[in-house]
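One file, upload04.tsv, is given below (TSV, N, CA and C atoms).
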```tsv
chain	number	residue	atom	x	y	z
A	1	MET	N	-0.84	-13.36	-20.80
A	1	MET	CA	-0.41	-13.46	-19.43
A	1	MET	C	-0.59	-12.12	-18.72
A	2	LYS	N	-0.24	-11.03	-19.40
A	2	LYS	CA	-0.39	-9.71	-18.81
A	2	LYS	C	-1.86	-9.43	-18.50
A	3	ALA	N	-2.75	-9.83	-19.39
A	3	ALA	CA	-4.18	-9.61	-19.18
A	3	ALA	C	-4.69	-10.40	-17.97
A	4	ILE	N	-4.16	-11.60	-17.78
A	4	ILE	CA	-4.57	-12.41	-16.63
A	4	ILE	C	-4.12	-11.75	-15.34
A	5	ARG	N	-2.87	-11.30	-15.28
A	5	ARG	CA	-2.38	-10.63	-14.08
A	5	ARG	C	-3.14	-9.34	-13.81
A	6	TYR	N	-3.43	-8.58	-14.87
A	6	TYR	CA	-4.18	-7.34	-14.71
A	6	TYR	C	-5.59	-7.65	-14.20
A	7	GLY	N	-6.22	-8.66	-14.77
A	7	GLY	CA	-7.55	-9.05	-14.32
A	7	GLY	C	-7.56	-9.48	-12.87
A	8	PHE	N	-6.55	-10.24	-12.47
A	8	PHE	CA	-6.45	-10.68	-11.07
A	8	PHE	C	-6.31	-9.48	-10.14
A	9	LEU	N	-5.47	-8.52	-10.51
A	9	LEU	CA	-5.30	-7.33	-9.69
A	9	LEU	C	-6.60	-6.54	-9.60
A	10	MET	N	-7.28	-6.36	-10.70
A	10	MET	CA	-8.52	-5.59	-10.69
A	10	MET	C	-9.61	-6.27	-9.86
A	11	VAL	N	-9.71	-7.60	-9.98
A	11	VAL	CA	-10.70	-8.33	-9.18
A	11	VAL	C	-10.36	-8.21	-7.70
A	12	SER	N	-9.08	-8.34	-7.35
A	12	SER	CA	-8.67	-8.21	-5.95
A	12	SER	C	-9.00	-6.83	-5.41
A	13	LEU	N	-8.71	-5.81	-6.19
A	13	LEU	CA	-9.01	-4.45	-5.75
A	13	LEU	C	-10.51	-4.22	-5.64
A	14	ALA	N	-11.28	-4.77	-6.56
A	14	ALA	CA	-12.73	-4.59	-6.52
A	14	ALA	C	-13.35	-5.28	-5.31
A	15	LEU	N	-12.84	-6.47	-4.98
A	15	LEU	CA	-13.37	-7.19	-3.82
A	15	LEU	C	-13.10	-6.46	-2.51
A	16	ALA	N	-12.01	-5.72	-2.46
A	16	ALA	CA	-11.66	-5.00	-1.24
A	16	ALA	C	-12.27	-3.60	-1.21
A	17	GLY	N	-12.90	-3.17	-2.29
A	17	GLY	CA	-13.21	-1.77	-2.43
A	17	GLY	C	-14.62	-1.33	-2.12
A	18	CYS	N	-14.81	-0.04	-2.29
A	18	CYS	CA	-16.11	0.60	-2.17
A	18	CYS	C	-16.23	1.60	-3.31
A	19	ALA	N	-17.20	2.46	-3.25
A	19	ALA	CA	-17.35	3.49	-4.28
A	19	ALA	C	-16.19	4.47	-4.20
A	20	SER	N	-16.13	5.40	-5.12
A	20	SER	CA	-14.95	6.27	-5.19
A	20	SER	C	-14.92	7.37	-4.14
A	21	GLY	N	-16.02	7.72	-3.51
A	21	GLY	CA	-16.02	8.82	-2.55
A	21	GLY	C	-15.51	8.41	-1.19
A	22	TYR	N	-14.80	9.33	-0.53
A	22	TYR	CA	-14.35	9.08	0.83
A	22	TYR	C	-14.17	10.40	1.55
A	23	SER	N	-14.21	10.35	2.85
A	23	SER	CA	-14.09	11.55	3.65
A	23	SER	C	-12.63	11.97	3.78
A	24	VAL	N	-12.36	13.26	3.67
A	24	VAL	CA	-11.00	13.76	3.81
A	24	VAL	C	-10.70	14.09	5.27
A	25	ALA	N	-11.71	14.49	6.04
A	25	ALA	CA	-11.49	14.88	7.42
A	25	ALA	C	-11.33	13.65	8.31
A	26	ALA	N	-10.22	13.57	9.01
A	26	ALA	CA	-9.97	12.47	9.94
A	26	ALA	C	-9.05	12.99	11.04
A	27	PRO	N	-9.18	12.48	12.27
A	27	PRO	CA	-8.31	12.93	13.36
A	27	PRO	C	-6.83	12.66	13.08
A	28	PHE	N	-6.52	11.56	12.44
A	28	PHE	CA	-5.15	11.27	12.04
A	28	PHE	C	-5.18	10.40	10.80
A	29	GLU	N	-4.06	10.34	10.15
A	29	GLU	CA	-3.97	9.55	8.92
A	29	GLU	C	-2.54	9.08	8.76
A	30	GLU	N	-2.35	7.81	8.52
A	30	GLU	CA	-1.01	7.24	8.25
A	30	GLU	C	-0.95	6.89	6.78
A	31	THR	N	0.15	7.18	6.13
A	31	THR	CA	0.32	6.87	4.71
A	31	THR	C	1.60	6.08	4.51
A	32	TYR	N	1.48	4.99	3.76
A	32	TYR	CA	2.63	4.13	3.43
A	32	TYR	C	2.74	4.09	1.91
A	33	LYS	N	3.88	4.52	1.38
A	33	LYS	CA	4.09	4.58	-0.06
A	33	LYS	C	5.29	3.72	-0.43
A	34	LYS	N	5.15	2.97	-1.52
A	34	LYS	CA	6.23	2.10	-1.99
A	34	LYS	C	6.34	2.16	-3.51
A	35	GLY	N	7.55	1.97	-4.01
A	35	GLY	CA	7.79	1.88	-5.44
A	35	GLY	C	7.77	3.22	-6.15
A	36	GLU	N	8.67	4.12	-5.77
A	36	GLU	CA	8.71	5.43	-6.41
A	36	GLU	C	9.23	5.28	-7.83
A	37	THR	N	8.40	5.69	-8.81
A	37	THR	CA	8.79	5.57	-10.22
A	37	THR	C	9.27	6.89	-10.79
A	38	SER	N	8.87	7.99	-10.19
A	38	SER	CA	9.36	9.32	-10.53
A	38	SER	C	9.12	10.17	-9.28
A	39	PRO	N	9.64	11.38	-9.22
A	39	PRO	CA	9.48	12.16	-8.00
A	39	PRO	C	8.02	12.25	-7.54
A	40	ASN	N	7.78	11.78	-6.34
A	40	ASN	CA	6.47	11.81	-5.68
A	40	ASN	C	5.39	11.02	-6.40
A	41	VAL	N	5.75	10.02	-7.19
A	41	VAL	CA	4.80	9.12	-7.84
A	41	VAL	C	5.17	7.70	-7.41
A	42	PHE	N	4.21	7.00	-6.79
A	42	PHE	CA	4.46	5.68	-6.23
A	42	PHE	C	3.52	4.65	-6.84
A	43	LEU	N	4.01	3.41	-6.95
A	43	LEU	CA	3.17	2.33	-7.47
A	43	LEU	C	2.07	1.97	-6.49
A	44	SER	N	2.34	2.03	-5.19
A	44	SER	CA	1.31	1.68	-4.21
A	44	SER	C	1.31	2.67	-3.07
A	45	THR	N	0.11	3.01	-2.64
A	45	THR	CA	-0.10	3.89	-1.50
A	45	THR	C	-1.19	3.28	-0.64
A	46	VAL	N	-0.90	3.08	0.63
A	46	VAL	CA	-1.89	2.59	1.59
A	46	VAL	C	-2.13	3.71	2.60
A	47	ILE	N	-3.38	4.13	2.70
A	47	ILE	CA	-3.76	5.20	3.63
A	47	ILE	C	-4.60	4.57	4.73
A	48	VAL	N	-4.19	4.78	5.97
A	48	VAL	CA	-4.90	4.23	7.13
A	48	VAL	C	-5.63	5.38	7.82
A	49	ARG	N	-6.96	5.24	7.93
A	49	ARG	CA	-7.79	6.27	8.55
A	49	ARG	C	-8.66	5.64	9.64
A	50	PRO	N	-9.01	6.39	10.66
A	50	PRO	CA	-9.85	5.84	11.72
A	50	PRO	C	-11.20	5.34	11.20
A	51	ASP	N	-11.77	6.06	10.23
A	51	ASP	CA	-13.09	5.68	9.72
A	51	ASP	C	-13.02	4.93	8.40
A	52	GLY	N	-11.82	4.60	7.95
A	52	GLY	CA	-11.69	3.90	6.67
A	52	GLY	C	-12.22	4.75	5.54
A	53	CYS	N	-13.03	4.15	4.71
A	53	CYS	CA	-13.63	4.84	3.58
A	53	CYS	C	-15.03	5.31	4.00
A	54	ALA	N	-15.09	6.52	4.57
A	54	ALA	CA	-16.37	7.04	5.10
A	54	ALA	C	-17.35	7.26	3.96
A	55	PRO	N	-18.61	7.10	4.15
A	55	PRO	CA	-19.31	6.80	5.39
A	55	PRO	C	-19.45	5.31	5.67
A	56	LEU	N	-18.90	4.46	4.82
A	56	LEU	CA	-19.10	3.02	4.97
A	56	LEU	C	-18.20	2.39	6.03
A	57	GLY	N	-17.04	2.98	6.30
A	57	GLY	CA	-16.13	2.43	7.29
A	57	GLY	C	-15.40	1.19	6.82
A	58	THR	N	-15.35	0.96	5.53
A	58	THR	CA	-14.67	-0.21	4.97
A	58	THR	C	-13.43	0.24	4.20
A	59	ALA	N	-12.79	-0.71	3.55
A	59	ALA	CA	-11.65	-0.39	2.69
A	59	ALA	C	-12.18	0.02	1.32
A	60	CYS	N	-11.44	0.87	0.62
A	60	CYS	CA	-11.78	1.19	-0.77
A	60	CYS	C	-10.50	1.33	-1.57
A	61	THR	N	-10.63	1.17	-2.85
A	61	THR	CA	-9.46	1.18	-3.72
A	61	THR	C	-9.67	2.12	-4.89
A	62	MET	N	-8.55	2.63	-5.40
A	62	MET	CA	-8.55	3.40	-6.61
A	62	MET	C	-7.30	2.99	-7.40
A	63	ALA	N	-7.47	2.64	-8.63
A	63	ALA	CA	-6.34	2.25	-9.46
A	63	ALA	C	-6.30	3.14	-10.69
A	64	GLY	N	-5.10	3.49	-11.10
A	64	GLY	CA	-4.94	4.34	-12.26
A	64	GLY	C	-3.69	3.94	-13.01
A	65	PRO	N	-3.33	4.69	-14.02
A	65	PRO	CA	-2.16	4.33	-14.82
A	65	PRO	C	-0.84	4.44	-14.07
A	66	ARG	N	-0.81	5.20	-12.99
A	66	ARG	CA	0.45	5.35	-12.24
A	66	ARG	C	0.59	4.37	-11.09
A	67	GLY	N	-0.53	3.84	-10.58
A	67	GLY	CA	-0.44	2.93	-9.46
A	67	GLY	C	-1.78	2.73	-8.78
A	68	ALA	N	-1.75	2.18	-7.58
A	68	ALA	CA	-2.96	1.87	-6.83
A	68	ALA	C	-2.94	2.55	-5.48
A	69	VAL	N	-4.12	2.99	-5.03
A	69	VAL	CA	-4.29	3.58	-3.71
A	69	VAL	C	-5.34	2.75	-2.99
A	70	VAL	N	-5.03	2.34	-1.76
A	70	VAL	CA	-5.97	1.60	-0.93
A	70	VAL	C	-6.16	2.37	0.37
A	71	ILE	N	-7.41	2.62	0.72
A	71	ILE	CA	-7.73	3.28	1.99
A	71	ILE	C	-8.33	2.21	2.89
A	72	VAL	N	-7.75	2.04	4.07
A	72	VAL	CA	-8.22	1.00	4.99
A	72	VAL	C	-8.54	1.63	6.34
A	73	PRO	N	-9.50	1.01	7.06
A	73	PRO	CA	-9.81	1.52	8.40
A	73	PRO	C	-8.72	1.14	9.40
A	74	PHE	N	-8.48	2.02	10.36
A	74	PHE	CA	-7.50	1.76	11.41
A	74	PHE	C	-8.03	0.68	12.34
A	75	SER	N	-7.15	-0.20	12.76
A	75	SER	CA	-7.48	-1.22	13.75
A	75	SER	C	-6.38	-1.20	14.80
A	76	ALA	N	-6.76	-1.05	16.05
A	76	ALA	CA	-5.77	-1.00	17.13
A	76	ALA	C	-5.00	-2.30	17.25
A	77	GLU	N	-5.59	-3.41	16.81
A	77	GLU	CA	-4.94	-4.70	16.90
A	77	GLU	C	-3.91	-4.94	15.79
A	78	THR	N	-3.92	-4.10	14.77
A	78	THR	CA	-3.01	-4.28	13.64
A	78	THR	C	-1.77	-3.42	13.84
A	79	PRO	N	-0.59	-4.06	13.92
A	79	PRO	CA	0.64	-3.26	14.08
A	79	PRO	C	0.97	-2.49	12.80
A	80	SER	N	1.68	-1.38	12.95
A	80	SER	CA	1.98	-0.52	11.80
A	80	SER	C	2.79	-1.24	10.73
A	81	TRP	N	3.65	-2.19	11.13
A	81	TRP	CA	4.46	-2.88	10.12
A	81	TRP	C	3.60	-3.72	9.18
A	82	MET	N	2.40	-4.13	9.62
A	82	MET	CA	1.51	-4.89	8.73
A	82	MET	C	0.99	-4.01	7.60
A	83	TYR	N	0.67	-2.75	7.91
A	83	TYR	CA	0.23	-1.83	6.86
A	83	TYR	C	1.37	-1.56	5.88
A	84	GLU	N	2.58	-1.41	6.42
A	84	GLU	CA	3.74	-1.18	5.54
A	84	GLU	C	4.01	-2.39	4.66
A	85	MET	N	3.87	-3.59	5.22
A	85	MET	CA	4.08	-4.81	4.45
A	85	MET	C	3.01	-4.93	3.36
A	86	PHE	N	1.77	-4.56	3.68
A	86	PHE	CA	0.70	-4.59	2.69
A	86	PHE	C	1.03	-3.66	1.53
A	87	ALA	N	1.51	-2.45	1.83
A	87	ALA	CA	1.89	-1.51	0.78
A	87	ALA	C	3.02	-2.08	-0.07
A	88	HIS	N	3.96	-2.75	0.56
A	88	HIS	CA	5.09	-3.34	-0.16
A	88	HIS	C	4.63	-4.45	-1.10
A	89	GLU	N	3.78	-5.34	-0.62
A	89	GLU	CA	3.31	-6.45	-1.46
A	89	GLU	C	2.39	-5.94	-2.57
A	90	LEU	N	1.59	-4.91	-2.28
A	90	LEU	CA	0.76	-4.31	-3.32
A	90	LEU	C	1.65	-3.70	-4.41
A	91	CYS	N	2.77	-3.14	-4.02
A	91	CYS	CA	3.72	-2.58	-4.97
A	91	CYS	C	4.21	-3.67	-5.94
A	92	HIS	N	4.55	-4.85	-5.41
A	92	HIS	CA	4.99	-5.96	-6.27
A	92	HIS	C	3.88	-6.38	-7.24
A	93	ALA	N	2.64	-6.40	-6.78
A	93	ALA	CA	1.53	-6.78	-7.66
A	93	ALA	C	1.37	-5.78	-8.81
A	94	VAL	N	1.43	-4.49	-8.49
A	94	VAL	CA	1.29	-3.46	-9.52
A	94	VAL	C	2.48	-3.50	-10.48
A	95	ALA	N	3.69	-3.70	-9.95
A	95	ALA	CA	4.89	-3.78	-10.80
A	95	ALA	C	4.80	-4.97	-11.76
A	96	ALA	N	4.24	-6.09	-11.29
A	96	ALA	CA	4.09	-7.26	-12.15
A	96	ALA	C	3.09	-6.99	-13.27
A	97	VAL	N	2.00	-6.33	-12.93
A	97	VAL	CA	0.99	-6.01	-13.95
A	97	VAL	C	1.56	-5.05	-14.99
A	98	LYS	N	2.35	-4.08	-14.53
A	98	LYS	CA	2.93	-3.10	-15.44
A	98	LYS	C	4.20	-3.63	-16.13
A	99	GLU	N	4.62	-4.86	-15.74
A	99	GLU	CA	5.82	-5.50	-16.29
A	99	GLU	C	7.05	-4.61	-16.16
A	100	LEU	N	7.25	-4.06	-14.98
A	100	LEU	CA	8.41	-3.19	-14.73
A	100	LEU	C	9.62	-4.03	-14.36
A	101	ARG	N	10.70	-3.83	-15.05
A	101	ARG	CA	11.96	-4.49	-14.76
A	101	ARG	C	13.05	-3.44	-14.79
A	102	PRO	N	13.85	-3.29	-13.77
A	102	PRO	CA	13.78	-4.00	-12.50
A	102	PRO	C	12.61	-3.50	-11.66
A	103	ASP	N	12.19	-4.33	-10.75
A	103	ASP	CA	11.08	-4.04	-9.84
A	103	ASP	C	11.48	-2.87	-8.94
A	104	PRO	N	10.75	-1.75	-8.96
A	104	PRO	CA	11.14	-0.58	-8.16
A	104	PRO	C	10.71	-0.64	-6.70
A	105	CYS	N	10.18	-1.75	-6.24
A	105	CYS	CA	9.59	-1.82	-4.90
A	105	CYS	C	10.61	-1.92	-3.77
A	106	HIS	N	11.88	-2.08	-4.09
A	106	HIS	CA	12.91	-2.17	-3.05
A	106	HIS	C	13.83	-0.96	-3.06
A	107	GLN	N	13.45	0.10	-3.76
A	107	GLN	CA	14.32	1.27	-3.85
A	107	GLN	C	14.39	2.05	-2.54
A	108	GLU	N	13.24	2.18	-1.84
A	108	GLU	CA	13.21	3.02	-0.65
A	108	GLU	C	13.88	2.36	0.54
A	109	ASP	N	13.64	1.06	0.73
A	109	ASP	CA	14.06	0.40	1.96
A	109	ASP	C	14.86	-0.88	1.75
A	110	HIS	N	15.20	-1.19	0.52
A	110	HIS	CA	15.97	-2.39	0.18
A	110	HIS	C	15.32	-3.66	0.74
A	111	GLY	N	13.97	-3.68	0.79
A	111	GLY	CA	13.25	-4.87	1.24
A	111	GLY	C	13.16	-5.03	2.74
A	112	LYS	N	13.57	-4.04	3.50
A	112	LYS	CA	13.55	-4.13	4.96
A	112	LYS	C	12.43	-3.25	5.51
A	113	ILE	N	11.68	-3.79	6.44
A	113	ILE	CA	10.65	-3.02	7.12
A	113	ILE	C	11.14	-2.78	8.53
A	114	VAL	N	11.31	-1.52	8.88
A	114	VAL	CA	11.78	-1.17	10.22
A	114	VAL	C	10.67	-0.36	10.87
A	115	THR	N	10.24	-0.79	12.03
A	115	THR	CA	9.22	-0.04	12.75
A	115	THR	C	9.66	0.09	14.20
A	116	ARG	N	9.40	1.23	14.78
A	116	ARG	CA	9.81	1.49	16.16
A	116	ARG	C	8.57	1.75	17.00
A	117	LYS	N	8.47	1.04	18.10
A	117	LYS	CA	7.34	1.23	18.99
A	117	LYS	C	7.81	0.97	20.41
A	118	ASN	N	7.53	1.89	21.29
A	118	ASN	CA	7.90	1.76	22.70
A	118	ASN	C	9.40	1.54	22.90
A	119	GLY	N	10.21	2.18	22.05
A	119	GLY	CA	11.66	2.08	22.23
A	119	GLY	C	12.28	0.83	21.65
A	120	THR	N	11.50	-0.09	21.10
A	120	THR	CA	12.06	-1.30	20.52
A	120	THR	C	12.03	-1.19	19.00
A	121	THR	N	12.89	-1.92	18.33
A	121	THR	CA	12.95	-1.90	16.88
A	121	THR	C	12.68	-3.29	16.35
A	122	LEU	N	11.83	-3.36	15.34
A	122	LEU	CA	11.51	-4.62	14.68
A	122	LEU	C	11.99	-4.51	13.24
A	123	LEU	N	12.81	-5.45	12.81
A	123	LEU	CA	13.35	-5.45	11.45
A	123	LEU	C	12.89	-6.73	10.77
A	124	LEU	N	12.17	-6.57	9.67
A	124	LEU	CA	11.70	-7.71	8.88
A	124	LEU	C	12.37	-7.67	7.53
A	125	ARG	N	12.71	-8.81	7.01
A	125	ARG	CA	13.31	-8.89	5.67
A	125	ARG	C	12.49	-9.77	4.80
```

Could you render the structure from this file as structure tokens?
Amino acid sequence: MKAIRYGFLMVSLALAGCASGYSVAAPFEETYKKGETSPNVFLSTVIVRPDGCAPLGTACTMAGPRGAVVIVPFSAETPSWMYEMFAHELCHAVAAVKELRPDPCHQEDHGKIVTRKNGTTLLLR
């Protein structure tokens, strides 16, 4: 069962990915981290860049023994809470593959996504 879940995660990451190289220089960068397993080590990290995974401009993935990193291109039509939700759900996928109990993906925010834009607050559970 663990091999099936691991295979599913790897196939999903490969389908979304590109080669390992990416540009570090970007006008801005947003980072969403979930599932802290030790100080400054997270199960999932989603990095949003204007050019995505340069020079291709697509998403790319990197997975290792500590977790997964996904770099995605910025889209003005995508609200910030969607990127945070993606990081949260990716955290659950990695935790399932690693068979972590209890699931560390709710430690930072207790399962709540709070985003503020234009003075309004959106709370998702």

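Here atom CA of A:Asp103 stands at a distance of 14.3 Å from atom CA of A:Ala87.
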
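Atom CA of A:Cys60 is found 16.2 Å from atom CA of A:Lys33.
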
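From atom CA of A:Phe86 back to atom CA of A:Tyr32, the distance works out to 9.0 Å.
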
Selection as a ChimeraX atom specification: residues within 8 Å of (-10.4, -0.3, 2.0), counting all atoms listed in the file: /A:16-18,52-53,57-61,69-73

Given only C-alpha atoms as the counted atoms, nearest of A:Val46, A:Ala76, A:Met85, A:Ala63 to A:Val97: A:Ala63

Which of A:Pro39, A:Cys91, A:Glu77, A:Thr31 sits closest to A:Pro104 [using all atoms listed in the file]: A:Cys91

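Take the candidates A:Glu89, A:Ser44, A:His106, A:Gly35 and check each one against A:Gly64 using only C-alpha atoms; the shortest distance goes to A:Ser44.
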
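Comparing the minimum interatomic distances between A:His92 and each of A:Phe74, A:Phe28, A:Pro79, A:Phe42, counting only C-alpha atoms, we find that A:Phe42 sits nearest.
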
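For the choices A:Leu43, A:Ala93, A:Glu99, A:Glu30, the atom-to-atom distance to A:Ala68 is smallest for A:Leu43 when using all atoms listed in the file.
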